>>> print(open('my_file01.csv').read())   # CSV, C-alpha atoms and all ligand atoms
chain,number,residue,atom,x,y,z
A,29,MET,CA,0.0,0.0,0.0
A,30,LYS,CA,1.3,3.5,-0.9
A,31,ILE,CA,0.6,6.0,1.9
A,32,GLY,CA,0.7,9.7,1.0
A,33,ILE,CA,1.8,12.3,3.5
A,34,PRO,CA,1.2,16.0,2.8
A,35,ARG,CA,4.4,18.1,3.4
A,36,ALA,CA,2.4,20.6,5.4
A,37,LEU,CA,1.1,21.2,9.0
A,38,LEU,CA,2.5,18.5,11.2
A,39,TYR,CA,4.9,17.1,8.7
A,40,TYR,CA,8.0,18.8,10.2
A,41,GLN,CA,7.0,17.6,13.7
A,42,TYR,CA,6.3,13.9,13.1
A,43,TYR,CA,7.4,12.8,9.6
A,44,PRO,CA,10.2,10.4,10.8
A,45,MET,CA,7.8,8.7,13.3
A,46,TRP,CA,5.0,8.3,10.8
A,47,LYS,CA,7.2,7.1,8.0
A,48,HIS,CA,8.9,4.5,10.3
A,49,PHE,CA,5.5,3.3,11.6
A,50,PHE,CA,4.1,2.7,8.1
A,51,GLU,CA,7.3,1.2,6.7
A,52,GLU,CA,7.5,-1.2,9.6
A,53,LEU,CA,4.1,-2.4,8.7
A,54,GLY,CA,5.1,-3.0,5.1
A,55,ALA,CA,3.7,0.1,3.4
A,56,GLU,CA,5.5,2.6,1.1
A,57,VAL,CA,5.4,6.3,2.0
A,58,VAL,CA,5.1,9.1,-0.6
A,59,VAL,CA,5.5,12.7,0.4
A,60,SER,CA,4.0,15.7,-1.5
A,61,PRO,CA,6.5,18.1,-3.1
A,62,HIS,CA,7.7,21.4,-1.5
A,63,THR,CA,5.0,24.1,-1.5
A,64,THR,CA,4.8,26.0,-4.7
A,65,ARG,CA,2.6,28.8,-6.0
A,66,VAL,CA,0.5,26.2,-7.8
A,67,ILE,CA,0.1,24.0,-4.8
A,68,LEU,CA,-0.9,27.0,-2.6
A,69,SER,CA,-3.3,28.4,-5.2
A,70,SER,CA,-5.1,25.0,-5.6
A,71,GLY,CA,-5.6,24.8,-1.8
A,72,ILE,CA,-6.8,28.4,-1.7
A,73,SER,CA,-9.4,27.6,-4.4
A,74,ARG,CA,-11.1,25.0,-2.1
A,75,VAL,CA,-11.5,26.8,1.2
A,76,VAL,CA,-13.2,30.0,2.5
A,77,ALA,CA,-11.0,33.1,2.4
A,78,ASP,CA,-10.5,33.5,6.1
A,79,THR,CA,-9.0,30.0,6.6
A,80,CYS,CA,-5.4,30.3,7.9
A,81,LEU,CA,-2.6,30.1,5.4
A,82,PRO,CA,-1.1,26.8,6.5
A,83,ALA,CA,-4.5,25.0,6.3
A,84,LYS,CA,-4.9,26.4,2.7
A,85,ALA,CA,-1.4,25.1,1.8
A,86,TYR,CA,-2.3,21.7,3.4
A,87,MET,CA,-5.3,21.3,1.1
A,88,GLY,CA,-3.1,22.0,-1.9
A,89,HIS,CA,-0.7,19.3,-0.7
A,90,VAL,CA,-3.5,16.8,-0.4
A,91,MET,CA,-4.6,17.6,-4.0
A,92,SER,CA,-1.0,17.1,-5.2
A,93,LEU,CA,-1.1,13.6,-3.9
A,94,VAL,CA,-4.2,12.6,-5.8
A,95,GLY,CA,-3.3,9.7,-8.2
A,96,LYS,CA,0.1,9.2,-6.5
A,97,CYS,CA,-0.9,7.0,-3.6
A,98,ASP,CA,-3.6,4.5,-2.4
A,99,CYS,CA,-4.5,6.5,0.7
A,100,VAL,CA,-3.5,9.7,2.5
A,101,PHE,CA,-2.6,9.8,6.2
A,102,ILE,CA,-4.4,12.7,7.9
A,103,PRO,CA,-4.4,12.4,11.7
A,104,ALA,CA,-6.9,14.2,14.0
A,105,ILE,CA,-4.7,15.4,16.8
A,106,ARG,CA,-7.0,16.7,19.5
A,107,SER,CA,-4.8,16.9,22.6
A,108,LEU,CA,-1.3,15.8,23.6
A,109,LYS,CA,-1.7,16.7,27.3
A,110,ALA,CA,-4.7,16.6,29.7
A,111,LYS,CA,-6.8,19.8,29.4
A,112,VAL,CA,-4.6,21.3,26.7
A,113,PHE,CA,-6.4,21.3,23.4
A,114,ASN,CA,-5.5,21.8,19.8
A,115,CYS,CA,-6.7,24.4,17.3
A,116,SER,CA,-9.9,23.5,15.6
A,117,LYS,CA,-8.2,23.0,12.2
A,118,PHE,CA,-6.3,20.0,13.6
A,119,LEU,CA,-9.3,18.6,15.4
A,120,GLY,CA,-11.3,18.4,12.2
A,121,LEU,CA,-8.6,18.0,9.6
A,122,PRO,CA,-9.8,14.6,8.2
A,123,ASP,CA,-13.4,15.8,7.9
A,124,MET,CA,-12.4,19.2,6.5
A,125,THR,CA,-10.2,17.5,3.9
A,126,ARG,CA,-13.0,15.1,2.9
A,127,ALA,CA,-15.4,18.0,2.5
A,128,VAL,CA,-13.2,20.3,0.4
A,129,VAL,CA,-11.1,17.7,-1.6
A,130,PRO,CA,-13.7,15.1,-2.6
A,131,GLU,CA,-11.3,13.5,-5.1
A,132,CYS,CA,-8.9,12.8,-2.2
A,133,PRO,CA,-7.9,9.1,-2.0
A,134,PRO,CA,-9.3,7.2,1.0
A,135,ILE,CA,-8.1,8.8,4.3
A,136,LEU,CA,-6.2,6.9,6.9
A,137,SER,CA,-6.7,8.6,10.2
A,138,ILE,CA,-6.1,8.3,13.9
A,139,ASP,CA,-7.7,10.2,16.8
A,140,VAL,CA,-5.1,11.4,19.3
A,141,ASP,CA,-6.7,12.7,22.5
A,142,MET,CA,-4.7,12.3,25.7
A,143,ASN,CA,-7.7,13.4,27.7
A,144,LYS,CA,-9.0,10.0,27.1
A,145,GLY,CA,-5.9,8.3,28.5
A,146,GLU,CA,-3.1,6.1,27.2
A,147,LYS,CA,-5.3,3.0,26.8
A,148,GLU,CA,-7.5,4.8,24.3
A,149,LEU,CA,-4.4,5.9,22.4
A,150,TRP,CA,-3.2,2.3,22.0
A,151,ARG,CA,-6.7,1.4,20.8
A,152,GLU,CA,-6.4,4.0,18.2
A,153,ILE,CA,-3.0,2.9,17.1
A,154,ASP,CA,-4.3,-0.7,16.8
A,155,ARG,CA,-7.2,0.5,14.7
A,156,LEU,CA,-4.8,2.3,12.4
A,157,GLY,CA,-2.5,-0.8,12.2
A,158,ARG,CA,-5.4,-3.1,11.4
A,159,HIS,CA,-5.3,-1.6,7.8
A,160,PHE,CA,-2.0,-3.4,7.4
A,161,THR,CA,-2.0,-6.5,9.7
A,162,ARG,CA,-4.2,-8.3,12.2
A,163,ASN,CA,-1.1,-9.0,14.4
A,164,HIS,CA,-1.5,-6.7,17.4
A,165,SER,CA,2.0,-7.2,18.7
A,166,LYS,CA,3.5,-6.3,15.3
A,167,VAL,CA,1.5,-3.0,15.4
A,168,ARG,CA,2.6,-2.3,19.0
A,169,GLN,CA,6.3,-3.0,18.0
A,170,ALA,CA,6.0,-0.7,15.0
A,171,ALA,CA,4.6,2.0,17.2
A,172,MET,CA,7.3,1.7,19.9
A,173,SER,CA,10.1,1.7,17.3
A,174,ALA,CA,8.5,4.7,15.5
A,175,TRP,CA,8.5,6.5,18.9
A,176,GLN,CA,12.3,5.8,19.2
A,177,LYS,CA,12.7,7.3,15.7
A,178,HIS,CA,10.9,10.4,16.9
A,179,LEU,CA,13.1,10.8,20.0
A,180,GLU,CA,16.2,10.4,17.7
A,181,TYR,CA,14.8,13.2,15.5
A,182,CYS,CA,14.2,15.5,18.5
A,183,ARG,CA,17.7,14.7,19.9
A,184,LEU,CA,19.3,15.8,16.6
A,185,MET,CA,17.6,19.2,16.9
A,186,VAL,CA,18.2,19.8,20.6
A,187,GLU,CA,21.7,18.4,20.9
A,188,GLU,CA,23.2,19.4,17.5
A,189,GLY,CA,21.2,22.6,17.0
A,190,LEU,CA,19.7,21.4,13.7
A,191,THR,CA,16.5,22.8,12.2
A,192,PRO,CA,13.8,20.2,11.2
A,193,PRO,CA,14.8,20.3,7.5
A,194,GLN,CA,18.5,19.8,8.4
A,195,ALA,CA,17.6,16.9,10.8
A,196,LEU,CA,15.4,15.3,8.1
A,197,GLU,CA,18.2,15.7,5.6
A,198,ARG,CA,20.6,14.0,8.1
A,199,MET,CA,18.2,11.1,8.6
A,200,PHE,CA,16.8,10.6,5.1
A,201,GLY,CA,18.7,12.9,2.8
A,202,LEU,CA,15.4,14.2,1.4
A,203,GLU,CA,15.1,17.8,2.2
A,204,ALA,CA,17.3,19.3,-0.4
A,205,GLU,CA,15.8,22.7,-1.1
A,206,PRO,CA,14.5,23.7,-4.5
A,207,GLU,CA,16.3,26.7,-6.0
A,208,GLY,CA,14.6,29.6,-4.4
A,209,LYS,CA,13.1,33.0,-4.7
A,210,GLY,CA,14.7,36.4,-4.6
A,211,ALA,CA,15.4,36.8,-0.9
A,212,SER,CA,17.7,33.8,-0.9
A,213,LYS,CA,19.8,35.3,-3.7
A,214,GLU,CA,20.3,38.7,-2.0
A,215,LYS,CA,23.8,39.8,-1.5
A,216,ALA,CA,25.0,39.7,2.1
A,217,LEU,CA,24.8,43.0,4.1
A,218,PRO,CA,28.2,44.2,5.4
A,219,THR,CA,28.6,42.8,8.9
A,220,ALA,CA,28.5,45.6,11.3
A,221,ASP,CA,30.6,43.8,13.9
A,222,ALA,CA,33.0,41.2,12.6
A,223,SER,CA,33.9,39.9,16.0
A,224,GLY,CA,30.4,39.4,17.4
A,225,GLN,CA,27.9,37.6,15.2
A,226,ALA,CA,24.3,38.7,16.0
A,227,HIS,CA,22.0,35.9,17.2
A,228,ILE,CA,18.3,36.0,16.3
A,229,ALA,CA,15.5,33.6,17.3
A,230,VAL,CA,12.7,32.9,14.8
A,231,ILE,CA,9.6,31.6,16.6
A,232,GLY,CA,6.4,30.2,15.2
A,233,HIS,CA,4.9,26.9,14.0
A,234,PRO,CA,7.3,24.6,12.1
A,235,TYR,CA,4.8,24.5,9.2
A,236,ILE,CA,5.3,28.3,8.8
A,237,LEU,CA,9.0,28.6,9.6
A,238,TYR,CA,10.2,25.8,7.4
A,239,ASP,CA,7.9,26.1,4.5
A,240,HIS,CA,10.0,28.1,2.1
A,241,HIS,CA,7.1,29.4,0.0
A,242,VAL,CA,5.0,30.4,3.0
A,243,SER,CA,7.9,32.0,5.0
A,244,HIS,CA,9.6,33.5,1.9
A,245,ARG,CA,12.8,31.7,3.0
A,246,LEU,CA,13.2,34.0,6.0
A,247,ILE,CA,15.6,31.7,7.8
A,248,ASN,CA,17.8,31.4,4.8
A,249,TRP,CA,17.9,35.1,4.3
A,250,LEU,CA,19.0,35.7,7.9
A,251,GLN,CA,21.7,33.0,7.6
A,252,GLN,CA,23.0,34.5,4.4
A,253,HIS,CA,23.3,37.8,6.2
A,254,ASN,CA,25.6,36.4,8.8
A,255,ILE,CA,23.0,35.9,11.5
A,256,ARG,CA,23.1,32.9,13.8
A,257,VAL,CA,19.5,31.6,13.8
A,258,HIS,CA,17.9,29.9,16.8
A,259,THR,CA,14.6,28.1,16.5
A,260,PRO,CA,12.1,26.6,19.0
A,261,GLU,CA,13.1,23.0,18.2
A,262,MET,CA,16.6,23.7,19.4
A,263,LEU,CA,15.4,24.1,23.0
A,264,ALA,CA,15.0,21.4,25.5
A,265,ALA,CA,11.6,20.8,27.0
A,266,GLU,CA,12.6,22.4,30.4
A,267,ALA,CA,13.6,25.6,28.7
A,268,ILE,CA,10.2,25.7,26.8
A,269,ASP,CA,8.3,24.9,30.0
A,270,SER,CA,10.0,27.7,32.0
A,271,GLY,CA,9.4,30.1,29.1
A,272,ILE,CA,5.7,29.3,29.2
A,273,GLY,CA,5.7,29.6,33.0
A,274,ARG,CA,7.2,33.1,32.8
A,275,LEU,CA,4.8,34.4,30.1
A,276,VAL,CA,1.4,32.7,30.7
A,277,GLY,CA,1.7,30.2,33.6
A,278,GLN,CA,0.4,27.4,31.4
A,279,SER,CA,-0.2,26.7,27.7
A,280,TYR,CA,-3.8,26.7,26.5
A,281,TRP,CA,-3.3,25.2,23.0
A,282,THR,CA,-1.1,22.2,22.2
A,283,TYR,CA,0.9,23.7,19.4
A,284,GLU,CA,1.4,27.1,21.0
A,285,TYR,CA,4.2,25.6,23.1
A,286,GLU,CA,6.8,26.4,20.5
A,287,VAL,CA,5.5,30.0,20.2
A,288,VAL,CA,5.1,31.0,23.8
A,289,GLY,CA,7.7,28.8,25.4
A,290,ALA,CA,10.4,29.6,22.9
A,291,GLY,CA,9.4,33.3,23.0
A,292,GLY,CA,9.6,33.4,26.8
A,293,HIS,CA,13.0,31.8,26.8
A,294,TYR,CA,14.7,33.6,23.9
A,295,LEU,CA,13.5,37.1,25.1
A,296,GLU,CA,15.7,36.6,28.1
A,297,HIS,CA,18.4,34.2,27.0
A,298,ASP,CA,20.9,33.5,24.2
A,299,VAL,CA,19.8,36.0,21.5
A,300,ASP,CA,19.9,39.7,20.5
A,301,GLY,CA,16.5,39.7,18.8
A,302,VAL,CA,13.4,37.6,18.3
A,303,ILE,CA,11.2,37.4,15.2
A,304,GLY,CA,7.7,36.0,15.6
A,305,LEU,CA,6.1,34.6,12.5
A,306,VAL,CA,2.3,34.1,12.5
A,307,ALA,CA,-0.2,33.2,9.8
A,308,PHE,CA,-3.0,35.6,9.1
A,309,GLY,CA,-6.3,34.1,10.3
A,310,CYS,CA,-4.7,32.1,13.1
A,311,GLY,CA,-6.8,32.6,16.3
A,312,PRO,CA,-4.4,31.0,18.8
A,313,ASP,CA,-1.3,32.8,17.4
A,314,SER,CA,-3.0,36.2,17.5
A,315,LEU,CA,-3.4,35.9,21.3
A,316,MET,CA,-0.2,34.0,22.2
A,317,MET,CA,2.2,36.1,20.0
A,318,ASP,CA,0.7,39.2,21.6
A,319,MET,CA,1.8,37.8,25.0
A,320,VAL,CA,5.3,37.5,23.7
A,321,ARG,CA,5.2,41.0,22.3
A,322,ARG,CA,4.1,42.4,25.6
A,323,HIS,CA,6.9,40.6,27.4
A,324,SER,CA,9.4,42.1,25.0
A,325,ALA,CA,8.6,45.6,26.4
A,326,LEU,CA,10.1,44.6,29.8
A,327,PRO,CA,13.6,46.1,30.6
A,328,GLY,CA,16.4,43.9,29.5
A,329,ALA,CA,14.3,41.8,27.0
A,330,ALA,CA,15.7,41.2,23.5
A,331,ALA,CA,14.3,43.2,20.6
A,332,PHE,CA,11.1,41.8,19.1
A,333,MET,CA,9.4,42.0,15.7
A,334,ASN,CA,6.2,40.3,14.6
A,335,LEU,CA,5.5,39.4,11.0
A,336,THR,CA,2.1,38.2,9.8
A,337,LEU,CA,2.1,36.1,6.6
A,338,GLU,CA,-0.7,35.5,4.2
A,339,GLU,CA,-0.9,34.6,0.5
A,340,HIS,CA,-0.7,38.2,-0.6
A,341,THR,CA,2.4,39.0,1.4
A,342,ALA,CA,5.1,40.3,-0.9
A,343,GLU,CA,8.7,39.2,-0.4
A,344,ALA,CA,10.0,42.8,-0.9
A,345,GLY,CA,8.0,43.9,2.2
A,346,ILE,CA,9.4,41.1,4.3
A,347,VAL,CA,13.0,41.9,3.2
A,348,THR,CA,12.6,45.6,4.0
A,349,ARG,CA,11.4,44.8,7.5
A,350,LEU,CA,14.2,42.2,8.0
A,351,GLU,CA,16.9,44.7,6.9
A,352,ALA,CA,15.6,47.3,9.4
A,353,PHE,CA,15.3,44.8,12.2
A,354,VAL,CA,18.8,43.3,11.7
A,355,ASP,CA,20.3,46.7,11.4
A,356,MET,CA,18.7,47.8,14.7
A,357,VAL,CA,19.7,44.5,16.5
A,358,ARG,CA,23.4,45.0,15.4
A,359,ARG,CA,23.5,48.6,16.5
A,360,LYS,CA,22.0,47.6,19.9
A,361,LYS,CA,24.5,44.8,20.3
A,362,ARG,CA,27.4,47.0,19.4
A,363,ARG,CA,26.3,49.6,21.9
A,364,LYS,CA,26.0,47.0,24.6
A,365,GLU,CA,29.4,45.6,23.9
A,366,THR,CA,31.0,49.1,23.9
A,367,CYS,CA,29.4,49.9,27.3
A,368,ALA,CA,30.5,46.6,28.8
A,401,LIG,S1,-2.7,27.0,15.0
A,401,LIG,FE1,-3.2,28.7,13.7
A,401,LIG,S2,-1.9,28.5,11.8
A,401,LIG,FE2,-2.0,26.5,12.9
A,401,LIG,S3,-3.6,25.4,11.9
A,401,LIG,FE3,-4.5,26.4,13.7
A,401,LIG,S4,-5.3,28.4,12.9
A,401,LIG,FE4,-3.9,27.5,11.4
>>> encode(input="my_file01.csv", output="structure tokens", more="lines below")
Ligand code: SF4
Amino acid sequence: MKIGIPRALLYYQYYPMWKHFFEELGAEVVVSPHTTRVILSSGISRVVADTCLPAKAYMGHVMSLVGKCDCVFIPAIRSLKAKVFNCSKFLGLPDMTRAVVPECPPILSIDVDMNKGEKELWREIDRLGRHFTRNHSKVRQAAMSAWQKHLEYCRLMVEEGLTPPQALERMFGLEAEPEGKGASKEKALPTADASGQAHIAVIGHPYILYDHHVSHRLINWLQQHNIRVHTPEMLAAEAIDSGIGRLVGQSYWTYEYEVVGAGGHYLEHDVDGVIGLVAFGCGPDSLMMDMVRRHSALPGAAAFMNLTLEEHTAEAGIVTRLEAFVDMVRRKKRRKETCA
């Protein structure tokens, strides 16, 4: 059986685990291509205008898998921790896809809701595995070994400071980037301070940060301009937890961890500036990124800039704001070093 996995939404969080699980059960995994204008436009054509940008891109990725696989894996991840819930797009992802992409191949799904307990999760894993084998212990073994793969993936990011695309490249050699758009080809700005490289953290959901089309290759642009980039995945769970504790006390939405936790940490440690990337139309981000912005006004916090992305965002506008922000961060850093 050929299983299609859209290269969008939770792909950068769980791809190694999903791939390993299906392959252990004898299936072949096919991934949709990197996001392009055509993929995004086809997704946009199927959903209402105020759907968030990543969900639009996701529908385009599902459409690009039509005819290339026997079924598409679309999990419904409701909650990963008791009383912390996911955004409604994730809750209804399989149903939403069925409704807007009727030509989608059969959907393989799993309901992940930790509020129902671990037993129910195993029942769901068994139900998913039954599409491939009736042998329960084989499914259980595949799930355990897939979890180990996930831990290995997380270790690469935390211990070696790799971004998800770099970790995927290390593990599978599959993330080679397509030749990009203008921003990546810009000439490097002269480095204001040759001795001290500026450090900037980019916070947001992985499906925004690492999707080159959606983010306009913002991370590449910073790296090419001699900035050391830090991302949420490079932080250990304790740093994220204490960042959340400082900003909001507890997280309300499952995948806001990386936004608030990393924001809380980076505003006070390791970096000279923080850039928050949010998608237009995202309810949780609009609240949580604002918490980060408010915290950045406290004395001693790193400089902060928020960028909202949508399908009409022009790359030139992003580059202009990046240039101004990087310039300001470098001046501030130089001043601090001179005073010290
Ligand atoms: S968290 Fe925001 S960006 Fe992500 S799927 Fe939900 S609405 Fe969209």
>>> atom_distance(input="my_file01.csv", atom1="atom CA of Gly291 of chain A", atom2="atom CA of Ser324 of chain A")
9.0 Å
>>> residues_near_ligand(input="my_file01.csv", ligand="ligand LIG 401 (chain A)", cutoff="12 Å", atoms="all atoms listed in the file", output="PyMOL selection string")
chain A and resi 36-38+78-87+104-106+113-121+232-237+242+280-287+305-317+336-338
>>> closest_residue(input="my_file01.csv", among="A:Val354, A:Ala127, A:Leu53, A:Met45", to="His164 of chain A", atoms="all atoms listed in the file")
A:Leu53
>>> closest_residue(input="my_file01.csv", among="A:Phe50, A:Ser243, A:Arg321, A:Gly328", to="Gln169 of chain A", atoms="all atoms listed in the file")
A:Phe50
>>> closest_residue(input="my_file01.csv", among="A:Arg358, A:His241, A:Arg65, A:Lys96", to="Cys132 of chain A", atoms="only C-alpha atoms")
A:Lys96
>>> closest_residue(input="my_file01.csv", among="A:Gly88, A:Glu188, A:Glu197, A:His258", to="Ser73 of chain A", atoms="all atoms listed in the file")
A:Gly88
>>> residues_around(input="my_file01.csv", residues="Gly304 of chain A", least_positions_apart="2", cutoff="6 Å", atoms="only C-alpha atoms", output="list in words")
Val230, Ile231, Gly232 and Asn334 of chain A
>>> residues_around(input="my_file01.csv", residues="segment 170-179 of chain A", least_positions_apart="4", cutoff="12 Å", atoms="all atoms listed in the file", output="ChimeraX atom specification")
/A:40-55,149-154,156-157,160-161,163-166,183-187,192,195-196,199-200
>>> atom_distance(input="my_file01.csv", atom1="atom CA of Ile138 of chain A", atom2="atom CA of Asp98 of chain A")
16.9 Å
>>> closest_residue(input="my_file01.csv", among="A:Arg155, A:Leu246, A:Thr341, A:Ile228", to="Met356 of chain A", atoms="only C-alpha atoms")
A:Ile228
>>> atom_distance(input="my_file01.csv", atom1="atom CA of Leu93 of chain A", atom2="atom CA of Leu190 of chain A")
28.3 Å
>>> residues_around(input="my_file01.csv", residues="Lys360 of chain A", least_positions_apart="5", cutoff="9 Å", atoms="all atoms listed in the file", output="ChimeraX atom specification")
/A:300,331,355,365
>>> residues_around(input="my_file01.csv", residues="Arg126 of chain A", least_positions_apart="6", cutoff="12 Å", atoms="all atoms listed in the file", output="compact mmCIF listing (two decimals) with C-alpha atoms, in the coordinates of the input")
# COMPACT_ATOMS: atom_id res chain seq x y z
CA ARG A 74 -11.10 25.00 -2.10
CA VAL A 75 -11.50 26.80 1.20
CA MET A 87 -5.30 21.30 1.10
CA VAL A 90 -3.50 16.80 -0.40
CA MET A 91 -4.60 17.60 -4.00
CA VAL A 100 -3.50 9.70 2.50
CA ILE A 102 -4.40 12.70 7.90
CA GLY A 120 -11.30 18.40 12.20
CA CYS A 132 -8.90 12.80 -2.20
CA PRO A 133 -7.90 9.10 -2.00
CA PRO A 134 -9.30 7.20 1.00
CA ILE A 135 -8.10 8.80 4.30
CA LEU A 136 -6.20 6.90 6.90
CA SER A 137 -6.70 8.60 10.20
>>> residues_around(input="my_file01.csv", residues="segment 265-267 of chain A", least_positions_apart="5", cutoff="9 Å", atoms="all atoms listed in the file", output="list in words")
Ile272, Gly289, Ala290, Gly292 and His293 of chain A
>>> closest_residue(input="my_file01.csv", among="A:Cys182, A:Met319, A:Ala325, A:Leu108", to="Val140 of chain A", atoms="all atoms listed in the file")
A:Leu108
>>> axis_aligned_box(input="my_file01.csv", around="segment 265-276 of chain A", padding_each_side="8 Å", output="AutoDock Vina command-line options")
--center_x 7.5 --center_y 27.6 --center_z 29.9 --size_x 28.2 --size_y 29.6 --size_z 22.2
>>> build_atoms(input="my_file01.csv", residues="segment 267-286 of chain A", atoms="N, CA and C atoms", output="mmCIF file, in the frame of the given file")
data_model
loop_
_atom_site.group_PDB
_atom_site.id
_atom_site.type_symbol
_atom_site.label_atom_id
_atom_site.label_comp_id
_atom_site.auth_asym_id
_atom_site.auth_seq_id
_atom_site.Cartn_x
_atom_site.Cartn_y
_atom_site.Cartn_z
ATOM 1 N N ALA A 267 13.453 24.231 29.019
ATOM 2 C CA ALA A 267 13.600 25.600 28.700
ATOM 3 C C ALA A 267 12.217 26.151 28.141
ATOM 4 N N ILE A 268 11.536 25.330 27.337
ATOM 5 C CA ILE A 268 10.200 25.700 26.800
ATOM 6 C C ILE A 268 9.235 25.864 27.968
ATOM 7 N N ASP A 269 9.259 24.893 28.882
ATOM 8 C CA ASP A 269 8.300 24.900 30.000
ATOM 9 C C ASP A 269 8.541 26.190 30.867
ATOM 10 N N SER A 270 9.820 26.509 31.120
ATOM 11 C CA SER A 270 10.000 27.700 32.000
ATOM 12 C C SER A 270 9.669 28.961 31.221
ATOM 13 N N GLY A 271 9.849 28.970 29.908
ATOM 14 C CA GLY A 271 9.400 30.100 29.100
ATOM 15 C C GLY A 271 7.919 30.321 29.189
ATOM 16 N N ILE A 272 7.173 29.224 29.118
ATOM 17 C CA ILE A 272 5.700 29.300 29.200
ATOM 18 C C ILE A 272 5.323 29.792 30.610
ATOM 19 N N GLY A 273 6.006 29.241 31.625
ATOM 20 C CA GLY A 273 5.700 29.600 33.000
ATOM 21 C C GLY A 273 5.872 31.127 33.192
ATOM 22 N N ARG A 274 6.938 31.688 32.600
ATOM 23 C CA ARG A 274 7.200 33.100 32.800
ATOM 24 C C ARG A 274 6.126 33.977 32.089
ATOM 25 N N LEU A 275 5.665 33.525 30.928
ATOM 26 C CA LEU A 275 4.800 34.400 30.100
ATOM 27 C C LEU A 275 3.278 34.189 30.471
ATOM 28 N N VAL A 276 2.825 32.932 30.532
ATOM 29 C CA VAL A 276 1.400 32.700 30.700
ATOM 30 C C VAL A 276 1.004 31.777 31.827
ATOM 31 N N GLY A 277 1.978 31.184 32.472
ATOM 32 C CA GLY A 277 1.700 30.200 33.600
ATOM 33 C C GLY A 277 1.441 28.845 33.028
ATOM 34 N N GLN A 278 0.600 28.707 32.025
ATOM 35 C CA GLN A 278 0.400 27.400 31.400
ATOM 36 C C GLN A 278 -0.054 27.603 29.962
ATOM 37 N N SER A 279 0.136 26.560 29.142
ATOM 38 C CA SER A 279 -0.200 26.700 27.700
ATOM 39 C C SER A 279 -1.695 26.320 27.559
ATOM 40 N N TYR A 280 -2.404 27.011 26.679
ATOM 41 C CA TYR A 280 -3.800 26.700 26.500
ATOM 42 C C TYR A 280 -4.030 25.838 25.244
ATOM 43 N N TRP A 281 -3.124 25.977 24.255
ATOM 44 C CA TRP A 281 -3.300 25.200 23.000
ATOM 45 C C TRP A 281 -2.023 24.376 22.806
ATOM 46 N N THR A 282 -2.236 23.162 22.315
ATOM 47 C CA THR A 282 -1.100 22.200 22.200
ATOM 48 C C THR A 282 0.046 22.761 21.390
ATOM 49 N N TYR A 283 -0.199 23.283 20.195
ATOM 50 C CA TYR A 283 0.900 23.700 19.400
ATOM 51 C C TYR A 283 1.300 25.179 19.562
ATOM 52 N N GLU A 284 0.887 25.772 20.690
ATOM 53 C CA GLU A 284 1.400 27.100 21.000
ATOM 54 C C GLU A 284 2.610 27.040 21.884
ATOM 55 N N TYR A 285 2.956 25.842 22.291
ATOM 56 C CA TYR A 285 4.200 25.600 23.100
ATOM 57 C C TYR A 285 5.380 26.281 22.462
ATOM 58 N N GLU A 286 5.553 25.958 21.159
ATOM 59 C CA GLU A 286 6.800 26.400 20.500
ATOM 60 C C GLU A 286 6.765 27.957 20.355
#
